[in-house]
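Asks: Quick one, my_file30.cif (mmCIF, C-alpha atoms and all ligand atoms):
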data_entry
loop_
_atom_site.label_atom_id
_atom_site.label_comp_id
_atom_site.auth_asym_id
_atom_site.auth_seq_id
_atom_site.Cartn_x
_atom_site.Cartn_y
_atom_site.Cartn_z
CA MET E 1413 0.00 0.00 0.00
CA SER E 1414 1.37 3.39 -0.92
CA VAL E 1415 1.89 6.04 1.71
CA GLU E 1416 -0.70 8.25 0.02
CA SER E 1417 -3.54 5.79 0.36
CA GLN E 1418 -2.30 4.58 3.73
CA ASP E 1419 -2.51 8.02 5.33
CA LEU E 1420 -6.09 8.57 4.25
CA ASN E 1421 -7.24 5.26 5.63
CA LEU E 1422 -5.35 5.17 8.90
CA CYS E 1423 -8.06 6.85 10.95
CA ALA E 1424 -11.04 5.51 9.11
CA ASN E 1425 -10.07 1.87 9.51
CA ASP E 1426 -9.28 1.56 13.19
CA ASN E 1427 -11.57 1.51 16.19
CA ARG E 1428 -11.00 5.03 17.44
CA GLY E 1429 -13.51 7.80 17.51
CA GLN E 1430 -16.52 5.65 18.16
CA LEU E 1431 -17.41 7.57 21.30
CA GLN E 1432 -18.16 11.24 21.26
CA LEU E 1433 -17.10 12.65 24.62
CA GLY E 1434 -19.77 11.79 27.19
CA ALA E 1435 -22.31 10.66 24.60
CA GLY E 1436 -23.93 7.34 25.40
CA SER E 1437 -20.83 5.96 27.06
CA GLY E 1438 -22.57 5.12 30.32
CA LEU E 1439 -19.55 6.45 32.20
CA VAL E 1440 -19.87 8.83 35.13
CA GLY E 1441 -18.71 12.42 34.76
CA TRP E 1442 -15.29 13.51 35.99
CA ASP E 1443 -16.86 15.19 39.03
CA GLU E 1444 -18.77 12.05 40.00
CA VAL E 1445 -15.81 9.71 40.34
CA THR E 1446 -15.22 8.51 43.91
CA GLN E 1447 -11.94 9.72 45.37
CA GLY E 1448 -9.26 7.07 45.22
CA THR E 1449 -10.78 5.30 42.22
CA VAL E 1450 -8.22 3.92 39.77
CA LEU E 1451 -9.12 4.47 36.11
CA THR E 1452 -7.05 2.10 34.02
CA SER E 1453 -5.90 3.35 30.65
CA PHE E 1454 -5.65 -0.07 29.01
CA GLU E 1455 -7.61 -3.30 29.02
CA GLY E 1456 -5.79 -6.27 30.54
CA ASP E 1457 -2.05 -6.57 30.97
CA ALA E 1458 -0.30 -3.42 29.81
CA THR E 1459 3.22 -4.85 29.99
CA GLY E 1460 5.28 -3.57 27.06
CA ILE E 1461 2.52 -1.23 25.94
CA ALA E 1462 5.03 1.57 25.27
CA ASN E 1463 6.52 -0.49 22.46
CA LYS E 1464 3.21 -0.91 20.66
CA LYS E 1465 1.91 1.50 18.05
CA ALA E 1466 -0.96 3.63 19.29
CA GLU E 1467 -3.51 1.90 17.08
CA GLU E 1468 -2.41 -1.54 18.31
CA ARG E 1469 -3.01 -0.77 22.01
CA LEU E 1470 -6.14 -2.01 23.73
CA TYR E 1471 -7.40 1.21 25.30
CA SER E 1472 -10.01 1.22 28.04
CA ASP E 1473 -13.09 3.43 27.79
CA PHE E 1474 -11.47 5.68 30.41
CA ASN E 1475 -8.69 6.63 28.02
CA SER E 1476 -9.32 9.83 26.08
CA TYR E 1477 -7.81 8.12 23.03
CA THR E 1478 -11.10 6.29 22.53
CA ALA E 1479 -13.05 9.56 22.32
CA SER E 1480 -13.27 11.69 19.22
CA VAL E 1481 -13.08 15.47 19.30
CA ALA E 1482 -13.54 15.75 15.55
CA SER E 1483 -16.81 17.60 15.98
CA TRP E 1484 -14.97 20.45 17.69
CA ARG E 1485 -13.31 21.47 14.42
CA VAL E 1486 -14.55 24.11 12.01
CA ASN E 1487 -11.56 23.85 9.68
CA LYS E 1488 -9.23 20.90 9.22
CA PRO E 1489 -5.62 20.62 8.08
CA VAL E 1490 -5.20 18.84 4.74
CA PHE E 1491 -1.90 17.14 3.94
CA ASN E 1492 -0.26 17.29 0.51
CA ARG E 1493 2.23 14.42 0.21
CA ASP E 1494 3.67 15.76 -3.06
CA ILE E 1495 5.28 18.75 -1.36
CA CYS E 1496 6.19 17.38 2.07
CA ILE E 1497 9.89 16.97 2.86
CA ASP E 1498 9.33 14.89 6.03
CA CYS E 1499 11.00 17.43 8.25
CA GLN E 1500 8.74 16.38 11.16
CA ASN E 1501 8.12 19.96 12.28
CA CYS E 1502 4.37 19.39 12.36
CA TRP E 1503 4.81 16.21 14.41
CA VAL E 1504 6.96 17.99 16.96
CA TRP E 1505 4.67 21.00 17.35
CA CYS E 1506 1.17 19.51 17.22
CA PRO E 1507 -0.23 20.00 20.73
CA ASP E 1508 -2.55 17.02 20.40
CA SER E 1509 -0.19 14.38 18.99
CA SER E 1510 -2.42 14.25 15.94
CA ILE E 1511 0.26 14.06 13.29
CA LEU E 1512 0.75 10.49 12.13
CA SER E 1513 4.36 9.70 11.44
CA ARG E 1514 6.23 6.39 11.08
CA ASP E 1515 9.96 6.00 10.71
CA LYS E 1516 10.31 9.75 10.26
CA GLN E 1517 7.85 9.80 7.40
CA MET E 1518 4.79 12.00 7.65
CA LEU E 1519 1.66 9.93 6.94
CA GLY E 1520 -1.23 12.24 7.60
CA ILE E 1521 -3.57 13.58 10.24
CA ASP E 1522 -5.35 11.76 13.04
CA TYR E 1523 -8.71 13.44 12.46
CA ASP E 1524 -10.22 11.86 15.57
CA HIS E 1525 -7.96 13.89 17.83
CA CYS E 1526 -7.02 16.94 15.76
CA LYS E 1527 -8.78 20.06 17.04
CA GLY E 1528 -7.98 22.24 14.03
CA CYS E 1529 -5.67 24.66 15.84
CA GLU E 1530 -3.54 25.28 12.70
CA VAL E 1531 -0.19 25.05 14.50
CA CYS E 1532 1.01 22.36 12.09
CA VAL E 1533 0.26 24.62 9.13
CA GLU E 1534 2.07 27.51 10.77
CA VAL E 1535 5.31 25.55 11.30
CA CYS E 1536 5.40 23.76 7.93
CA PRO E 1537 8.42 25.20 6.08
CA THR E 1538 7.78 24.20 2.47
CA ASN E 1539 6.79 26.54 -0.33
CA PRO E 1540 3.87 26.21 -0.74
CA LYS E 1541 3.04 24.64 2.60
CA SER E 1542 2.40 20.90 2.68
CA LEU E 1543 -0.41 21.40 5.19
CA LEU E 1544 -3.20 23.90 4.66
CA MET E 1545 -6.49 24.53 6.44
CA PHE E 1546 -9.73 23.82 4.59
CA ASN E 1547 -13.36 23.77 5.64
CA GLU E 1548 -14.14 20.68 7.71
CA HIS E 1549 -16.42 19.35 4.97
CA ALA E 1550 -14.09 20.08 2.06
CA ASP E 1551 -13.46 17.20 -0.32
CA LEU E 1552 -9.87 15.93 -0.32
CA ASP E 1553 -9.39 15.88 -4.10
CA GLU E 1554 -10.89 19.35 -4.46
CA SER E 1555 -8.66 20.66 -1.67
CA LEU E 1556 -5.55 19.23 -3.34
CA ALA E 1557 -6.64 20.67 -6.70
CA ALA E 1558 -6.95 24.11 -5.09
CA TRP E 1559 -3.41 24.00 -3.68
CA PRO E 1560 -1.49 27.24 -4.32
CA GLU E 1561 1.54 27.42 -6.60
CA LYS E 1562 5.05 27.93 -5.29
CA LYS E 1563 5.60 31.57 -4.36
CA LYS E 1564 8.51 33.21 -6.19
CA LYS E 1565 10.94 35.29 -4.20
CA ALA E 1566 10.83 38.95 -5.09
CA LYS E 1567 14.02 40.24 -6.73
CA LYS E 1568 15.95 42.81 -4.73
CA SER E 1569 15.35 45.39 -7.44
CA GLU E 1570 11.59 44.79 -7.09
CA GLU E 1571 11.75 45.09 -3.28
CA ALA E 1572 13.38 48.53 -3.37
S1 LIG E 1601 -4.50 21.48 13.38
FE1 LIG E 1601 -3.56 21.48 15.46
S2 LIG E 1601 -4.34 19.61 16.43
FE2 LIG E 1601 -4.70 19.38 14.23
S3 LIG E 1601 -2.91 18.27 13.45
FE3 LIG E 1601 -2.51 20.48 13.20
S4 LIG E 1601 -1.36 21.09 15.05
FE4 LIG E 1601 -2.36 19.10 15.49
S1 LIG E 1602 6.02 20.29 8.63
FE1 LIG E 1602 5.34 20.21 6.48
S2 LIG E 1602 7.15 19.46 5.33
FE2 LIG E 1602 7.51 19.02 7.52
S3 LIG E 1602 6.76 16.89 7.80
FE3 LIG E 1602 5.06 18.30 8.33
S4 LIG E 1602 3.87 18.49 6.41
FE4 LIG E 1602 5.88 17.66 5.87
#
Could you express the structure from this file as structure tokens?
Ligand code: SF4
Ligand code: SF4
Replies:
Amino acid sequence: MSVESQDLNLCANDNRGQLQLGAGSGLVGWDEVTQGTVLTSFEGDATGIANKKAEERLYSDFNSYTASVASWRVNKPVFNRDICIDCQNCWVWCPDSSILSRDKQMLGIDYDHCKGCEVCVEVCPTNPKSLLMFNEHADLDESLAAWPEKKKKAKKSEEA
């Protein structure tokens, strides 16, 4: 499977995002939990869990990873593989760990946990940027077709 098709399917094909926060989960609210209660992050034995990829871990319903915040977004970042140089800037700066990267290769966005803050777009160094914000409901192909051209540097004579 190519990276391009892999990145688009990563979020859609796993079991994340099935719970909207607080909706129909049957869990008590944060202010109703009895003091001293232990909320386990993973189901069963979590030995060696740090060595597993996020999507391979068996999260418990208490773990925020099982909840989607996708509905919080108005605009979403769209990734353009053709321009990306895999610098990992977006991965480092994303405040929600929502950049999917494997072996230092940018794969795409975890749309279940991305809140649309635009930080990744801001720090992307390519020209044009490899990440741009589009309306949440924008079609991927149409977004890629609307990608801006490379900006030319102004000549010094033109700047004066
Ligand atoms: S928009 Fe914000 S939360 Fe979403 S991937 Fe970019 S930096 Fe992360
Ligand atoms: S910051 Fe831009 S160029 Fe760097 S890995 Fe992210 S999308 Fe690619």
Asks: For a quick check of understanding, using all atoms listed in the file, which of E:Trp1503, E:Phe1454, E:Trp1484, E:Tyr1523 has the smallest distance to Leu1470 (chain E)?
Replies: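 Counting all atoms listed in the file, the residue closest to Leu1470 (chain E) is E:Phe1454.
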Asks: Write out as an mmCIF file with C-alpha atoms, keeping the file's coordinate frame each polymer residue (protein, DNA or RNA) that has an atom no more than 8 Å from ligand LIG 1601 (chain E), with all atoms listed in the file counted.
Replies:
data_model
loop_
_atom_site.group_PDB
_atom_site.id
_atom_site.type_symbol
_atom_site.label_atom_id
_atom_site.label_comp_id
_atom_site.auth_asym_id
_atom_site.auth_seq_id
_atom_site.Cartn_x
_atom_site.Cartn_y
_atom_site.Cartn_z
ATOM 1 C CA LYS E 1488 -9.230 20.900 9.220
ATOM 2 C CA PRO E 1489 -5.620 20.620 8.080
ATOM 3 C CA CYS E 1502 4.370 19.390 12.360
ATOM 4 C CA TRP E 1503 4.810 16.210 14.410
ATOM 5 C CA TRP E 1505 4.670 21.000 17.350
ATOM 6 C CA CYS E 1506 1.170 19.510 17.220
ATOM 7 C CA PRO E 1507 -0.230 20.000 20.730
ATOM 8 C CA ASP E 1508 -2.550 17.020 20.400
ATOM 9 C CA SER E 1509 -0.190 14.380 18.990
ATOM 10 C CA SER E 1510 -2.420 14.250 15.940
ATOM 11 C CA ILE E 1511 0.260 14.060 13.290
ATOM 12 C CA ILE E 1521 -3.570 13.580 10.240
ATOM 13 C CA ASP E 1522 -5.350 11.760 13.040
ATOM 14 C CA TYR E 1523 -8.710 13.440 12.460
ATOM 15 C CA HIS E 1525 -7.960 13.890 17.830
ATOM 16 C CA CYS E 1526 -7.020 16.940 15.760
ATOM 17 C CA LYS E 1527 -8.780 20.060 17.040
ATOM 18 C CA GLY E 1528 -7.980 22.240 14.030
ATOM 19 C CA CYS E 1529 -5.670 24.660 15.840
ATOM 20 C CA GLU E 1530 -3.540 25.280 12.700
ATOM 21 C CA VAL E 1531 -0.190 25.050 14.500
ATOM 22 C CA CYS E 1532 1.010 22.360 12.090
ATOM 23 C CA VAL E 1533 0.260 24.620 9.130
ATOM 24 C CA MET E 1545 -6.490 24.530 6.440
#
Asks: Tell me, in Å to one decimal, how far CA of Thr1452 (chain E) is from CA of Ser1472 (chain E).
Replies: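 A separation of 6.7 Å between them.
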Asks: Which residues sit within 9 Å of ligand LIG 1602 (chain E), counting only C-alpha atoms and all ligand atoms, listed as a PyMOL selection string?
Replies: chain E and resi 1491-1493+1495-1505+1511+1513+1516-1520+1532-1538+1541-1543
Asks: Using all atoms listed in the file, find all polymer residues with an atom at most 8 Å away from the point (-15.1, 26.7, 12.1); report them as a PyMOL selection string.
Replies: chain E and resi 1485-1487+1547-1548
Asks: At a cut-off of 10 Å, using all atoms listed in the file, what residues contact Leu1552 (chain E)? Leave out same-chain residues fewer than 2 positions from it and give the result as a PyMOL selection string.
Replies: chain E and resi 1420+1490-1492+1546+1549-1550+1554-1558
Asks: Could you write out as AutoDock Vina command-line options the box around region 1473-1487 of chain E (axis-aligned, all atoms listed in the file, 3 Å on each side), with centre and edge lengths in Å to one decimal?
Replies:
--center_x -12.3 --center_y 13.8 --center_z 20.0 --size_x 15.0 --size_y 26.7 --size_z 26.7
Asks: Find the distance between CA of Asp1473 (chain E) and CA of Ser1453 (chain E) and write it in Å to one decimal.
Replies: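 Between CA of Asp1473 (chain E) and CA of Ser1453 (chain E) the gap works out to 7.7 Å.
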Asks: Name the closest residue to Glu1455 (chain E) among the candidates E:Lys1563, E:Arg1469, E:Lys1568, E:Arg1514; distances are taken between atoms, counting all atoms listed in the file.
Replies: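 Checking each of E:Lys1563, E:Arg1469, E:Lys1568, E:Arg1514 against Glu1455 (chain E), counting all atoms listed in the file, the winner is E:Arg1469.
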Asks: CA of Leu1512 (chain E) to CA of Asn1475 (chain E): how many Å, to one decimal?
Replies: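 Taking CA of Leu1512 (chain E) and CA of Asn1475 (chain E), their separation equals 18.9 Å.
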